[in-house]
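work07.cif follows; it contains mmCIF, N, CA and C atoms.
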```cif
data_target
loop_
_atom_site.label_atom_id
_atom_site.label_comp_id
_atom_site.auth_asym_id
_atom_site.auth_seq_id
_atom_site.Cartn_x
_atom_site.Cartn_y
_atom_site.Cartn_z
N MET O 1 243.26 -146.76 -55.51
CA MET O 1 243.78 -145.44 -55.19
C MET O 1 244.76 -145.01 -56.28
N LYS O 2 244.70 -143.74 -56.66
CA LYS O 2 245.59 -143.22 -57.70
C LYS O 2 247.02 -143.12 -57.19
N LYS O 3 247.94 -143.27 -58.13
CA LYS O 3 249.37 -143.18 -57.84
C LYS O 3 249.85 -141.82 -58.33
N ILE O 4 250.30 -140.98 -57.39
CA ILE O 4 250.66 -139.59 -57.65
C ILE O 4 252.17 -139.40 -57.59
N LEU O 5 252.71 -138.68 -58.56
CA LEU O 5 254.15 -138.36 -58.57
C LEU O 5 254.33 -136.88 -58.28
N VAL O 6 255.21 -136.58 -57.35
CA VAL O 6 255.65 -135.21 -57.08
C VAL O 6 257.15 -135.22 -57.33
N ASP O 7 257.61 -134.46 -58.33
CA ASP O 7 259.04 -134.47 -58.63
C ASP O 7 259.75 -133.34 -57.91
N MET O 8 260.90 -133.67 -57.33
CA MET O 8 261.66 -132.71 -56.53
C MET O 8 263.14 -133.06 -56.58
N SER O 9 263.97 -132.07 -56.28
CA SER O 9 265.39 -132.35 -56.08
C SER O 9 265.70 -132.44 -54.58
N CYS O 10 264.98 -131.67 -53.77
CA CYS O 10 265.11 -131.70 -52.29
C CYS O 10 266.56 -131.51 -51.83
N THR O 11 267.27 -130.59 -52.48
CA THR O 11 268.63 -130.34 -52.03
C THR O 11 268.62 -129.76 -50.62
N LEU O 12 267.67 -128.91 -50.36
CA LEU O 12 267.42 -128.39 -49.00
C LEU O 12 265.91 -128.43 -48.81
N ILE O 13 265.43 -129.37 -48.05
CA ILE O 13 263.99 -129.54 -47.89
C ILE O 13 263.43 -128.44 -47.01
N HIS O 14 262.25 -127.96 -47.35
CA HIS O 14 261.64 -126.84 -46.63
C HIS O 14 260.12 -126.98 -46.61
N HIS O 15 259.46 -126.05 -45.95
CA HIS O 15 258.01 -126.13 -45.76
C HIS O 15 257.23 -126.07 -47.07
N GLY O 16 257.78 -125.47 -48.11
CA GLY O 16 257.12 -125.47 -49.42
C GLY O 16 256.99 -126.88 -49.97
N HIS O 17 258.04 -127.69 -49.79
CA HIS O 17 257.99 -129.10 -50.21
C HIS O 17 256.89 -129.84 -49.45
N ILE O 18 256.85 -129.64 -48.14
CA ILE O 18 255.88 -130.34 -47.29
C ILE O 18 254.46 -129.94 -47.67
N ARG O 19 254.23 -128.67 -47.93
CA ARG O 19 252.89 -128.21 -48.31
C ARG O 19 252.45 -128.84 -49.64
N LEU O 20 253.37 -128.94 -50.58
CA LEU O 20 253.04 -129.54 -51.87
C LEU O 20 252.71 -131.03 -51.72
N ILE O 21 253.48 -131.72 -50.90
CA ILE O 21 253.22 -133.14 -50.64
C ILE O 21 251.84 -133.32 -50.01
N LYS O 22 251.48 -132.47 -49.06
CA LYS O 22 250.17 -132.55 -48.41
C LYS O 22 249.04 -132.33 -49.43
N LYS O 23 249.23 -131.39 -50.34
CA LYS O 23 248.22 -131.15 -51.38
C LYS O 23 248.11 -132.37 -52.30
N ALA O 24 249.24 -132.95 -52.65
CA ALA O 24 249.24 -134.11 -53.54
C ALA O 24 248.53 -135.30 -52.90
N LYS O 25 248.66 -135.44 -51.61
CA LYS O 25 248.06 -136.56 -50.86
C LYS O 25 246.54 -136.61 -51.03
N LYS O 26 245.92 -135.47 -51.28
CA LYS O 26 244.47 -135.41 -51.48
C LYS O 26 244.04 -136.12 -52.76
N TYR O 27 244.99 -136.38 -53.67
CA TYR O 27 244.67 -137.01 -54.96
C TYR O 27 245.00 -138.50 -55.00
N GLY O 28 245.75 -138.98 -54.01
CA GLY O 28 246.10 -140.40 -54.00
C GLY O 28 247.36 -140.68 -53.22
N LYS O 29 247.97 -141.81 -53.53
CA LYS O 29 249.19 -142.27 -52.86
C LYS O 29 250.39 -141.54 -53.47
N VAL O 30 251.17 -140.85 -52.63
CA VAL O 30 252.24 -139.96 -53.10
C VAL O 30 253.59 -140.65 -53.17
N PHE O 31 254.22 -140.49 -54.33
CA PHE O 31 255.59 -140.94 -54.54
C PHE O 31 256.39 -139.72 -54.98
N ILE O 32 257.63 -139.65 -54.53
CA ILE O 32 258.50 -138.54 -54.90
C ILE O 32 259.45 -139.00 -56.00
N GLY O 33 259.47 -138.26 -57.10
CA GLY O 33 260.47 -138.44 -58.15
C GLY O 33 261.66 -137.60 -57.75
N LEU O 34 262.72 -138.24 -57.31
CA LEU O 34 263.88 -137.54 -56.76
C LEU O 34 265.03 -137.58 -57.76
N CYS O 35 265.56 -136.41 -58.08
CA CYS O 35 266.66 -136.29 -59.04
C CYS O 35 267.95 -136.86 -58.49
N SER O 36 268.73 -137.43 -59.37
CA SER O 36 270.06 -137.91 -59.00
C SER O 36 270.99 -136.72 -58.76
N ASP O 37 272.09 -136.98 -58.09
CA ASP O 37 273.09 -135.94 -57.86
C ASP O 37 273.61 -135.38 -59.19
N GLN O 38 273.82 -136.27 -60.17
CA GLN O 38 274.32 -135.86 -61.48
C GLN O 38 273.33 -134.94 -62.20
N GLU O 39 272.05 -135.25 -62.10
CA GLU O 39 271.01 -134.41 -62.73
C GLU O 39 271.00 -133.02 -62.10
N ILE O 40 271.15 -132.95 -60.80
CA ILE O 40 271.17 -131.65 -60.11
C ILE O 40 272.38 -130.85 -60.56
N LYS O 41 273.56 -131.49 -60.61
CA LYS O 41 274.76 -130.79 -61.06
C LYS O 41 274.57 -130.27 -62.48
N ARG O 42 273.99 -131.08 -63.33
CA ARG O 42 273.81 -130.72 -64.74
C ARG O 42 272.77 -129.62 -64.93
N ARG O 43 271.65 -129.71 -64.23
CA ARG O 43 270.55 -128.77 -64.45
C ARG O 43 270.63 -127.52 -63.58
N LYS O 44 271.01 -127.67 -62.32
CA LYS O 44 271.05 -126.52 -61.40
C LYS O 44 272.44 -125.91 -61.28
N LYS O 45 273.43 -126.62 -61.80
CA LYS O 45 274.82 -126.15 -61.74
C LYS O 45 275.33 -125.99 -60.31
N ILE O 46 274.86 -126.89 -59.43
CA ILE O 46 275.34 -126.91 -58.04
C ILE O 46 275.62 -128.35 -57.65
N VAL O 47 276.46 -128.50 -56.65
CA VAL O 47 276.66 -129.82 -56.04
C VAL O 47 275.67 -129.88 -54.88
N PRO O 48 274.78 -130.89 -54.87
CA PRO O 48 273.79 -130.94 -53.79
C PRO O 48 274.45 -131.07 -52.42
N GLU O 49 273.89 -130.38 -51.45
CA GLU O 49 274.41 -130.41 -50.09
C GLU O 49 274.35 -131.82 -49.51
N LEU O 50 273.33 -132.56 -49.90
CA LEU O 50 273.16 -133.94 -49.44
C LEU O 50 273.13 -134.88 -50.64
N LYS O 51 273.78 -136.01 -50.51
CA LYS O 51 273.78 -137.01 -51.58
C LYS O 51 272.40 -137.64 -51.72
N PHE O 52 272.16 -138.25 -52.89
CA PHE O 52 270.86 -138.85 -53.20
C PHE O 52 270.37 -139.76 -52.08
N ALA O 53 271.21 -140.66 -51.59
CA ALA O 53 270.79 -141.62 -50.56
C ALA O 53 270.29 -140.92 -49.30
N HIS O 54 270.92 -139.82 -48.92
CA HIS O 54 270.50 -139.08 -47.73
C HIS O 54 269.21 -138.30 -47.98
N ARG O 55 269.10 -137.71 -49.18
CA ARG O 55 267.86 -137.01 -49.52
C ARG O 55 266.69 -138.00 -49.56
N LYS O 56 266.93 -139.19 -50.10
CA LYS O 56 265.91 -140.22 -50.16
C LYS O 56 265.49 -140.63 -48.75
N GLU O 57 266.44 -140.82 -47.87
CA GLU O 57 266.13 -141.20 -46.48
C GLU O 57 265.24 -140.16 -45.81
N ILE O 58 265.57 -138.90 -46.01
CA ILE O 58 264.78 -137.81 -45.42
C ILE O 58 263.36 -137.81 -45.98
N VAL O 59 263.24 -137.89 -47.30
CA VAL O 59 261.93 -137.83 -47.94
C VAL O 59 261.07 -139.02 -47.53
N LEU O 60 261.66 -140.19 -47.43
CA LEU O 60 260.91 -141.38 -47.02
C LEU O 60 260.39 -141.29 -45.58
N SER O 61 260.99 -140.41 -44.78
CA SER O 61 260.54 -140.26 -43.39
C SER O 61 259.31 -139.36 -43.27
N ILE O 62 258.91 -138.72 -44.36
CA ILE O 62 257.73 -137.84 -44.36
C ILE O 62 256.48 -138.72 -44.41
N LYS O 63 255.57 -138.52 -43.46
CA LYS O 63 254.44 -139.44 -43.29
C LYS O 63 253.54 -139.56 -44.52
N ASP O 64 253.42 -138.55 -45.34
CA ASP O 64 252.54 -138.62 -46.51
C ASP O 64 253.21 -139.18 -47.75
N VAL O 65 254.46 -139.59 -47.65
CA VAL O 65 255.20 -140.13 -48.80
C VAL O 65 255.20 -141.66 -48.72
N SER O 66 254.75 -142.29 -49.81
CA SER O 66 254.68 -143.76 -49.87
C SER O 66 255.92 -144.39 -50.48
N GLY O 67 256.70 -143.60 -51.21
CA GLY O 67 257.90 -144.14 -51.83
C GLY O 67 258.66 -143.08 -52.59
N VAL O 68 259.88 -143.44 -53.00
CA VAL O 68 260.76 -142.56 -53.76
C VAL O 68 261.22 -143.33 -54.98
N ILE O 69 261.24 -142.64 -56.12
CA ILE O 69 261.74 -143.21 -57.36
C ILE O 69 262.75 -142.23 -57.94
N LYS O 70 263.90 -142.73 -58.39
CA LYS O 70 264.90 -141.86 -59.00
C LYS O 70 264.35 -141.37 -60.34
N SER O 71 264.52 -140.08 -60.59
CA SER O 71 263.98 -139.50 -61.82
C SER O 71 264.96 -138.52 -62.44
N LYS O 72 264.68 -138.17 -63.66
CA LYS O 72 265.40 -137.09 -64.33
C LYS O 72 264.89 -135.78 -63.74
N PHE O 73 265.54 -134.68 -64.12
CA PHE O 73 265.13 -133.36 -63.63
C PHE O 73 263.76 -132.99 -64.20
N TYR O 74 263.53 -133.36 -65.46
CA TYR O 74 262.24 -133.11 -66.11
C TYR O 74 261.51 -134.43 -66.32
N ILE O 75 260.23 -134.43 -66.01
CA ILE O 75 259.39 -135.62 -66.13
C ILE O 75 258.67 -135.59 -67.48
N SER O 76 258.55 -136.76 -68.10
CA SER O 76 257.88 -136.88 -69.38
C SER O 76 256.64 -137.77 -69.26
N ASN O 77 255.80 -137.75 -70.27
CA ASN O 77 254.66 -138.65 -70.32
C ASN O 77 255.13 -140.10 -70.25
N ASN O 78 256.21 -140.41 -70.95
CA ASN O 78 256.74 -141.78 -70.96
C ASN O 78 257.14 -142.24 -69.57
N PHE O 79 257.75 -141.35 -68.78
CA PHE O 79 258.15 -141.70 -67.41
C PHE O 79 256.91 -142.03 -66.57
N LEU O 80 255.86 -141.21 -66.71
CA LEU O 80 254.62 -141.47 -65.96
C LEU O 80 254.03 -142.81 -66.35
N LYS O 81 253.94 -143.06 -67.66
CA LYS O 81 253.35 -144.32 -68.13
C LYS O 81 254.18 -145.53 -67.72
N LYS O 82 255.49 -145.45 -67.92
CA LYS O 82 256.39 -146.56 -67.59
C LYS O 82 256.27 -146.95 -66.12
N ASN O 83 256.11 -145.96 -65.25
CA ASN O 83 256.07 -146.19 -63.81
C ASN O 83 254.65 -146.21 -63.25
N LYS O 84 253.66 -146.18 -64.15
CA LYS O 84 252.24 -146.32 -63.80
C LYS O 84 251.73 -145.25 -62.83
N PHE O 85 252.14 -143.99 -63.08
CA PHE O 85 251.62 -142.88 -62.30
C PHE O 85 250.38 -142.33 -62.99
N ASP O 86 249.40 -141.91 -62.20
CA ASP O 86 248.16 -141.37 -62.74
C ASP O 86 248.21 -139.86 -62.91
N LEU O 87 249.06 -139.20 -62.11
CA LEU O 87 249.07 -137.74 -62.08
C LEU O 87 250.43 -137.23 -61.61
N LEU O 88 250.86 -136.13 -62.20
CA LEU O 88 252.05 -135.41 -61.75
C LEU O 88 251.58 -134.15 -61.03
N VAL O 89 252.03 -133.96 -59.80
CA VAL O 89 251.73 -132.75 -59.04
C VAL O 89 253.01 -131.94 -58.95
N HIS O 90 252.89 -130.63 -59.21
CA HIS O 90 254.07 -129.77 -59.22
C HIS O 90 253.67 -128.36 -58.81
N GLY O 91 254.67 -127.57 -58.44
CA GLY O 91 254.45 -126.15 -58.15
C GLY O 91 254.33 -125.36 -59.44
N SER O 92 253.98 -124.09 -59.30
CA SER O 92 253.72 -123.24 -60.47
C SER O 92 254.96 -122.94 -61.30
N ASP O 93 256.13 -123.39 -60.86
CA ASP O 93 257.35 -123.24 -61.66
C ASP O 93 257.54 -124.44 -62.60
N ASN O 94 256.51 -125.23 -62.78
CA ASN O 94 256.56 -126.46 -63.58
C ASN O 94 257.11 -126.21 -64.99
N GLN O 95 258.08 -127.02 -65.40
CA GLN O 95 258.62 -126.99 -66.77
C GLN O 95 258.61 -128.38 -67.39
N ASN O 96 257.89 -129.31 -66.78
CA ASN O 96 257.82 -130.66 -67.29
C ASN O 96 256.97 -130.68 -68.57
N THR O 97 257.18 -131.73 -69.37
CA THR O 97 256.49 -131.84 -70.66
C THR O 97 255.29 -132.79 -70.61
N VAL O 98 254.75 -133.03 -69.44
CA VAL O 98 253.62 -133.95 -69.26
C VAL O 98 252.34 -133.27 -69.74
N ASP O 99 251.48 -134.06 -70.40
CA ASP O 99 250.19 -133.55 -70.86
C ASP O 99 249.42 -132.92 -69.71
N LYS O 100 248.71 -131.83 -70.00
CA LYS O 100 247.96 -131.11 -68.97
C LYS O 100 246.91 -131.98 -68.29
N ASN O 101 246.38 -132.97 -69.01
CA ASN O 101 245.38 -133.88 -68.44
C ASN O 101 245.95 -134.72 -67.31
N TYR O 102 247.28 -134.84 -67.26
CA TYR O 102 247.95 -135.67 -66.25
C TYR O 102 248.80 -134.83 -65.30
N THR O 103 248.46 -133.55 -65.22
CA THR O 103 249.25 -132.63 -64.39
C THR O 103 248.32 -131.78 -63.52
N LYS O 104 248.68 -131.62 -62.26
CA LYS O 104 247.99 -130.72 -61.35
C LYS O 104 249.02 -129.75 -60.80
N ILE O 105 248.81 -128.46 -61.08
CA ILE O 105 249.77 -127.43 -60.69
C ILE O 105 249.20 -126.61 -59.52
N PHE O 106 250.04 -126.40 -58.51
CA PHE O 106 249.67 -125.57 -57.37
C PHE O 106 250.59 -124.37 -57.30
N LYS O 107 250.07 -123.27 -56.79
CA LYS O 107 250.87 -122.07 -56.58
C LYS O 107 251.99 -122.40 -55.60
N LYS O 108 253.21 -121.94 -55.94
CA LYS O 108 254.36 -122.16 -55.06
C LYS O 108 254.19 -121.38 -53.75
N THR O 109 254.77 -121.91 -52.69
CA THR O 109 254.82 -121.19 -51.42
C THR O 109 255.71 -119.97 -51.62
N GLU O 110 255.21 -118.82 -51.26
CA GLU O 110 255.95 -117.58 -51.49
C GLU O 110 257.20 -117.47 -50.62
N ASN O 111 258.21 -116.86 -51.19
CA ASN O 111 259.45 -116.51 -50.50
C ASN O 111 260.23 -117.68 -49.91
N ILE O 112 260.11 -118.86 -50.56
CA ILE O 112 260.91 -119.99 -50.11
C ILE O 112 261.30 -120.85 -51.31
N SER O 113 262.54 -121.25 -51.30
CA SER O 113 263.07 -122.20 -52.27
C SER O 113 264.44 -122.62 -51.75
N SER O 114 264.95 -123.69 -52.30
CA SER O 114 266.30 -124.11 -51.90
C SER O 114 267.32 -123.05 -52.26
N THR O 115 267.11 -122.36 -53.37
CA THR O 115 268.03 -121.29 -53.79
C THR O 115 268.02 -120.15 -52.77
N ILE O 116 266.84 -119.75 -52.32
CA ILE O 116 266.73 -118.69 -51.31
C ILE O 116 267.43 -119.12 -50.02
N LEU O 117 267.21 -120.35 -49.60
CA LEU O 117 267.86 -120.84 -48.38
C LEU O 117 269.38 -120.86 -48.53
N ARG O 118 269.86 -121.29 -49.69
CA ARG O 118 271.30 -121.35 -49.95
C ARG O 118 271.91 -119.95 -49.86
N LYS O 119 271.25 -118.96 -50.47
CA LYS O 119 271.74 -117.58 -50.44
C LYS O 119 271.71 -117.01 -49.02
N ARG O 120 270.64 -117.31 -48.29
CA ARG O 120 270.53 -116.83 -46.91
C ARG O 120 271.62 -117.44 -46.03
N ALA O 121 271.89 -118.72 -46.22
CA ALA O 121 272.94 -119.39 -45.43
C ALA O 121 274.31 -118.78 -45.74
N ALA O 122 274.57 -118.51 -47.02
CA ALA O 122 275.86 -117.91 -47.40
C ALA O 122 276.01 -116.52 -46.80
N LYS O 123 274.94 -115.74 -46.83
CA LYS O 123 274.97 -114.38 -46.25
C LYS O 123 275.22 -114.46 -44.75
N ASN O 124 274.51 -115.37 -44.05
CA ASN O 124 274.70 -115.53 -42.62
C ASN O 124 276.11 -116.00 -42.28
N PHE O 125 276.63 -116.89 -43.09
CA PHE O 125 277.99 -117.40 -42.87
C PHE O 125 278.99 -116.24 -42.97
N LYS O 126 278.86 -115.43 -44.01
CA LYS O 126 279.76 -114.28 -44.19
C LYS O 126 279.64 -113.29 -43.04
N ALA O 127 278.41 -113.02 -42.61
CA ALA O 127 278.19 -112.06 -41.52
C ALA O 127 278.79 -112.57 -40.21
N ASN O 128 278.70 -113.84 -39.97
CA ASN O 128 279.21 -114.42 -38.72
C ASN O 128 280.71 -114.69 -38.76
N ALA O 129 281.29 -114.68 -39.95
CA ALA O 129 282.72 -114.93 -40.09
C ALA O 129 283.55 -113.70 -39.70
N ASN O 130 282.92 -112.55 -39.67
CA ASN O 130 283.65 -111.31 -39.37
C ASN O 130 283.74 -111.04 -37.91
#
```
Now, as a test, write the supplied structure out as structure tokens.
Amino acid sequence: MKKILVDMSCTLIHHGHIRLIKKAKKYGKVFIGLCSDQEIKRRKKIVPELKFAHRKEIVLSIKDVSGVIKSKFYISNNFLKKNKFDLLVHGSDNQNTVDKNYTKIFKKTENISSTILRKRAAKNFKANAN
């Protein structure tokens, strides 16, 4: 069975993440490349709502996930080879430098992202604070 990597930060997990994992499962055994807290701070310029250990615990509880590996924000060919992954699965916002032969891109779920959720939560918090 092929070993599939889906890279995510999962700062706020949502149905778009779950849909991508389900699509990846059709290609083989799914592992999540999960960014460290430091990588998220550096690349997204935010402090993750949940620490790496908690995000890992949540992701490991998803039935289609076989394991979690700590990764950088961007995945390289070397990372795939070093960890013996056959394919990288990502949404259409992919910015990884992996060869196209080792990448499967799916259209992102519309109108959902951790950023959208974060903004919605802030708006709701402000509205309810008054």
Draw an axis-aligned box over all listed atoms of segment 72-82 of chain O, pad each side with 8 Å, and write its centre and edge lengths in Å, one decimal, as lines of an AutoDock Vina configuration file.
```
center_x = 259.4
center_y = -140.0
center_z = -67.3
size_x = 28.2
size_y = 30.0
size_z = 23.3
```
Query raised in the report: Skipping near chain neighbours, those fewer than 6 positions away, what residues fall within 6 Å of segment 81-94 of chain O using only C-alpha atoms, listed as a ChimeraX atom specification?
Result: /O:2-6,102-108
Requested in this report: Give as a PyMOL selection string the residues that the PyMOL selection byres (((chain O and resi 97 and name CA) around 10) and name CA) matches when applied to the coordinates above.
Outcome: chain O and resi 74-78+94-96+98-100+103
**Report entry** Backbone DSSP call of alpha helix (DSSP H) for segment 49-129 of chain O, listed as a PyMOL selection string
**Finding:** chain O and resi 52-60+77-82+114-129
Restricting the output to N, CA and C atoms, write the selected residues as an mmCIF file, in the coordinates of the input.
```
data_model
loop_
_atom_site.group_PDB
_atom_site.id
_atom_site.type_symbol
_atom_site.label_atom_id
_atom_site.label_comp_id
_atom_site.auth_asym_id
_atom_site.auth_seq_id
_atom_site.Cartn_x
_atom_site.Cartn_y
_atom_site.Cartn_z
ATOM 1 N N PHE O 52 272.160 -138.250 -52.890
ATOM 2 C CA PHE O 52 270.860 -138.850 -53.200
ATOM 3 C C PHE O 52 270.370 -139.760 -52.080
ATOM 4 N N ALA O 53 271.210 -140.660 -51.590
ATOM 5 C CA ALA O 53 270.790 -141.620 -50.560
ATOM 6 C C ALA O 53 270.290 -140.920 -49.300
ATOM 7 N N HIS O 54 270.920 -139.820 -48.920
ATOM 8 C CA HIS O 54 270.500 -139.080 -47.730
ATOM 9 C C HIS O 54 269.210 -138.300 -47.980
ATOM 10 N N ARG O 55 269.100 -137.710 -49.180
ATOM 11 C CA ARG O 55 267.860 -137.010 -49.520
ATOM 12 C C ARG O 55 266.690 -138.000 -49.560
ATOM 13 N N LYS O 56 266.930 -139.190 -50.100
ATOM 14 C CA LYS O 56 265.910 -140.220 -50.160
ATOM 15 C C LYS O 56 265.490 -140.630 -48.750
ATOM 16 N N GLU O 57 266.440 -140.820 -47.870
ATOM 17 C CA GLU O 57 266.130 -141.200 -46.480
ATOM 18 C C GLU O 57 265.240 -140.160 -45.810
ATOM 19 N N ILE O 58 265.570 -138.900 -46.010
ATOM 20 C CA ILE O 58 264.780 -137.810 -45.420
ATOM 21 C C ILE O 58 263.360 -137.810 -45.980
ATOM 22 N N VAL O 59 263.240 -137.890 -47.300
ATOM 23 C CA VAL O 59 261.930 -137.830 -47.940
ATOM 24 C C VAL O 59 261.070 -139.020 -47.530
ATOM 25 N N LEU O 60 261.660 -140.190 -47.430
ATOM 26 C CA LEU O 60 260.910 -141.380 -47.020
ATOM 27 C C LEU O 60 260.390 -141.290 -45.580
ATOM 28 N N ASN O 77 255.800 -137.750 -70.270
ATOM 29 C CA ASN O 77 254.660 -138.650 -70.320
ATOM 30 C C ASN O 77 255.130 -140.100 -70.250
ATOM 31 N N ASN O 78 256.210 -140.410 -70.950
ATOM 32 C CA ASN O 78 256.740 -141.780 -70.960
ATOM 33 C C ASN O 78 257.140 -142.240 -69.570
ATOM 34 N N PHE O 79 257.750 -141.350 -68.780
ATOM 35 C CA PHE O 79 258.150 -141.700 -67.410
ATOM 36 C C PHE O 79 256.910 -142.030 -66.570
ATOM 37 N N LEU O 80 255.860 -141.210 -66.710
ATOM 38 C CA LEU O 80 254.620 -141.470 -65.960
ATOM 39 C C LEU O 80 254.030 -142.810 -66.350
ATOM 40 N N LYS O 81 253.940 -143.060 -67.660
ATOM 41 C CA LYS O 81 253.350 -144.320 -68.130
ATOM 42 C C LYS O 81 254.180 -145.530 -67.720
ATOM 43 N N LYS O 82 255.490 -145.450 -67.920
ATOM 44 C CA LYS O 82 256.390 -146.560 -67.590
ATOM 45 C C LYS O 82 256.270 -146.950 -66.120
ATOM 46 N N SER O 114 264.950 -123.690 -52.300
ATOM 47 C CA SER O 114 266.300 -124.110 -51.900
ATOM 48 C C SER O 114 267.320 -123.050 -52.260
ATOM 49 N N THR O 115 267.110 -122.360 -53.370
ATOM 50 C CA THR O 115 268.030 -121.290 -53.790
ATOM 51 C C THR O 115 268.020 -120.150 -52.770
ATOM 52 N N ILE O 116 266.840 -119.750 -52.320
ATOM 53 C CA ILE O 116 266.730 -118.690 -51.310
ATOM 54 C C ILE O 116 267.430 -119.120 -50.020
ATOM 55 N N LEU O 117 267.210 -120.350 -49.600
ATOM 56 C CA LEU O 117 267.860 -120.840 -48.380
ATOM 57 C C LEU O 117 269.380 -120.860 -48.530
ATOM 58 N N ARG O 118 269.860 -121.290 -49.690
ATOM 59 C CA ARG O 118 271.300 -121.350 -49.950
ATOM 60 C C ARG O 118 271.910 -119.950 -49.860
ATOM 61 N N LYS O 119 271.250 -118.960 -50.470
ATOM 62 C CA LYS O 119 271.740 -117.580 -50.440
ATOM 63 C C LYS O 119 271.710 -117.010 -49.020
ATOM 64 N N ARG O 120 270.640 -117.310 -48.290
ATOM 65 C CA ARG O 120 270.530 -116.830 -46.910
ATOM 66 C C ARG O 120 271.620 -117.440 -46.030
ATOM 67 N N ALA O 121 271.890 -118.720 -46.220
ATOM 68 C CA ALA O 121 272.940 -119.390 -45.430
ATOM 69 C C ALA O 121 274.310 -118.780 -45.740
ATOM 70 N N ALA O 122 274.570 -118.510 -47.020
ATOM 71 C CA ALA O 122 275.860 -117.910 -47.400
ATOM 72 C C ALA O 122 276.010 -116.520 -46.800
ATOM 73 N N LYS O 123 274.940 -115.740 -46.830
ATOM 74 C CA LYS O 123 274.970 -114.380 -46.250
ATOM 75 C C LYS O 123 275.220 -114.460 -44.750
ATOM 76 N N ASN O 124 274.510 -115.370 -44.050
ATOM 77 C CA ASN O 124 274.700 -115.530 -42.620
ATOM 78 C C ASN O 124 276.110 -116.000 -42.280
ATOM 79 N N PHE O 125 276.630 -116.890 -43.090
ATOM 80 C CA PHE O 125 277.990 -117.400 -42.870
ATOM 81 C C PHE O 125 278.990 -116.240 -42.970
ATOM 82 N N LYS O 126 278.860 -115.430 -44.010
ATOM 83 C CA LYS O 126 279.760 -114.280 -44.190
ATOM 84 C C LYS O 126 279.640 -113.290 -43.040
ATOM 85 N N ALA O 127 278.410 -113.020 -42.610
ATOM 86 C CA ALA O 127 278.190 -112.060 -41.520
ATOM 87 C C ALA O 127 278.790 -112.570 -40.210
ATOM 88 N N ASN O 128 278.700 -113.840 -39.970
ATOM 89 C CA ASN O 128 279.210 -114.420 -38.720
ATOM 90 C C ASN O 128 280.710 -114.690 -38.760
ATOM 91 N N ALA O 129 281.290 -114.680 -39.950
ATOM 92 C CA ALA O 129 282.720 -114.930 -40.090
ATOM 93 C C ALA O 129 283.550 -113.700 -39.700
#
```
Query raised in the report: Which residues, written as a ChimeraX atom specification, have at least one atom at most 7 Å from Gly33 of chain O, with only C-alpha atoms counted and residues fewer than 3 positions away on the same chain left out?
Result: /O:5-8,68-71
Residues as selected, N, CA and C atoms, written as a PDB file, keeping the file's coordinate frame, can you do that?
```pdb
ATOM      1  N   LEU O   5     252.710-138.680 -58.560  1.00  0.00           N
ATOM      2  CA  LEU O   5     254.150-138.360 -58.570  1.00  0.00           C
ATOM      3  C   LEU O   5     254.330-136.880 -58.280  1.00  0.00           C
ATOM      4  N   VAL O   6     255.210-136.580 -57.350  1.00  0.00           N
ATOM      5  CA  VAL O   6     255.650-135.210 -57.080  1.00  0.00           C
ATOM      6  C   VAL O   6     257.150-135.220 -57.330  1.00  0.00           C
ATOM      7  N   ASP O   7     257.610-134.460 -58.330  1.00  0.00           N
ATOM      8  CA  ASP O   7     259.040-134.470 -58.630  1.00  0.00           C
ATOM      9  C   ASP O   7     259.750-133.340 -57.910  1.00  0.00           C
ATOM     10  N   MET O   8     260.900-133.670 -57.330  1.00  0.00           N
ATOM     11  CA  MET O   8     261.660-132.710 -56.530  1.00  0.00           C
ATOM     12  C   MET O   8     263.140-133.060 -56.580  1.00  0.00           C
ATOM     13  N   VAL O  68     259.880-143.440 -53.000  1.00  0.00           N
ATOM     14  CA  VAL O  68     260.760-142.560 -53.760  1.00  0.00           C
ATOM     15  C   VAL O  68     261.220-143.330 -54.980  1.00  0.00           C
ATOM     16  N   ILE O  69     261.240-142.640 -56.120  1.00  0.00           N
ATOM     17  CA  ILE O  69     261.740-143.210 -57.360  1.00  0.00           C
ATOM     18  C   ILE O  69     262.750-142.230 -57.940  1.00  0.00           C
ATOM     19  N   LYS O  70     263.900-142.730 -58.390  1.00  0.00           N
ATOM     20  CA  LYS O  70     264.900-141.860 -59.000  1.00  0.00           C
ATOM     21  C   LYS O  70     264.350-141.370 -60.340  1.00  0.00           C
ATOM     22  N   SER O  71     264.520-140.080 -60.590  1.00  0.00           N
ATOM     23  CA  SER O  71     263.980-139.500 -61.820  1.00  0.00           C
ATOM     24  C   SER O  71     264.960-138.520 -62.440  1.00  0.00           C
TER      25      SER O  71
END
```
Query raised in the report: Between atom CA of Val30 of chain O and atom C of Glu49 of chain O, what is the spacing in Å?
Result: 23.8 Å
Requested in this report: Given the file shown, enumerate the residues that the PyMOL selection byres (((chain O and resi 13 and name CA) around 9) and name CA) captures and present them as a list in words.
Outcome: Ser9, Cys10, Thr11, Leu12, His14, His15, Gly16, His17, Ile18, Arg55, Ile58, Val59, Ser113 and Ser114 of chain O
Query raised in the report: When the PyMOL selection byres (((chain O and resi 63 and name CA) around 12) and name CA) is applied to the file above, which residues end up in the set, as a PyMOL selection string?
Result: chain O and resi 18+21-22+25+29-31+58-62+64-67
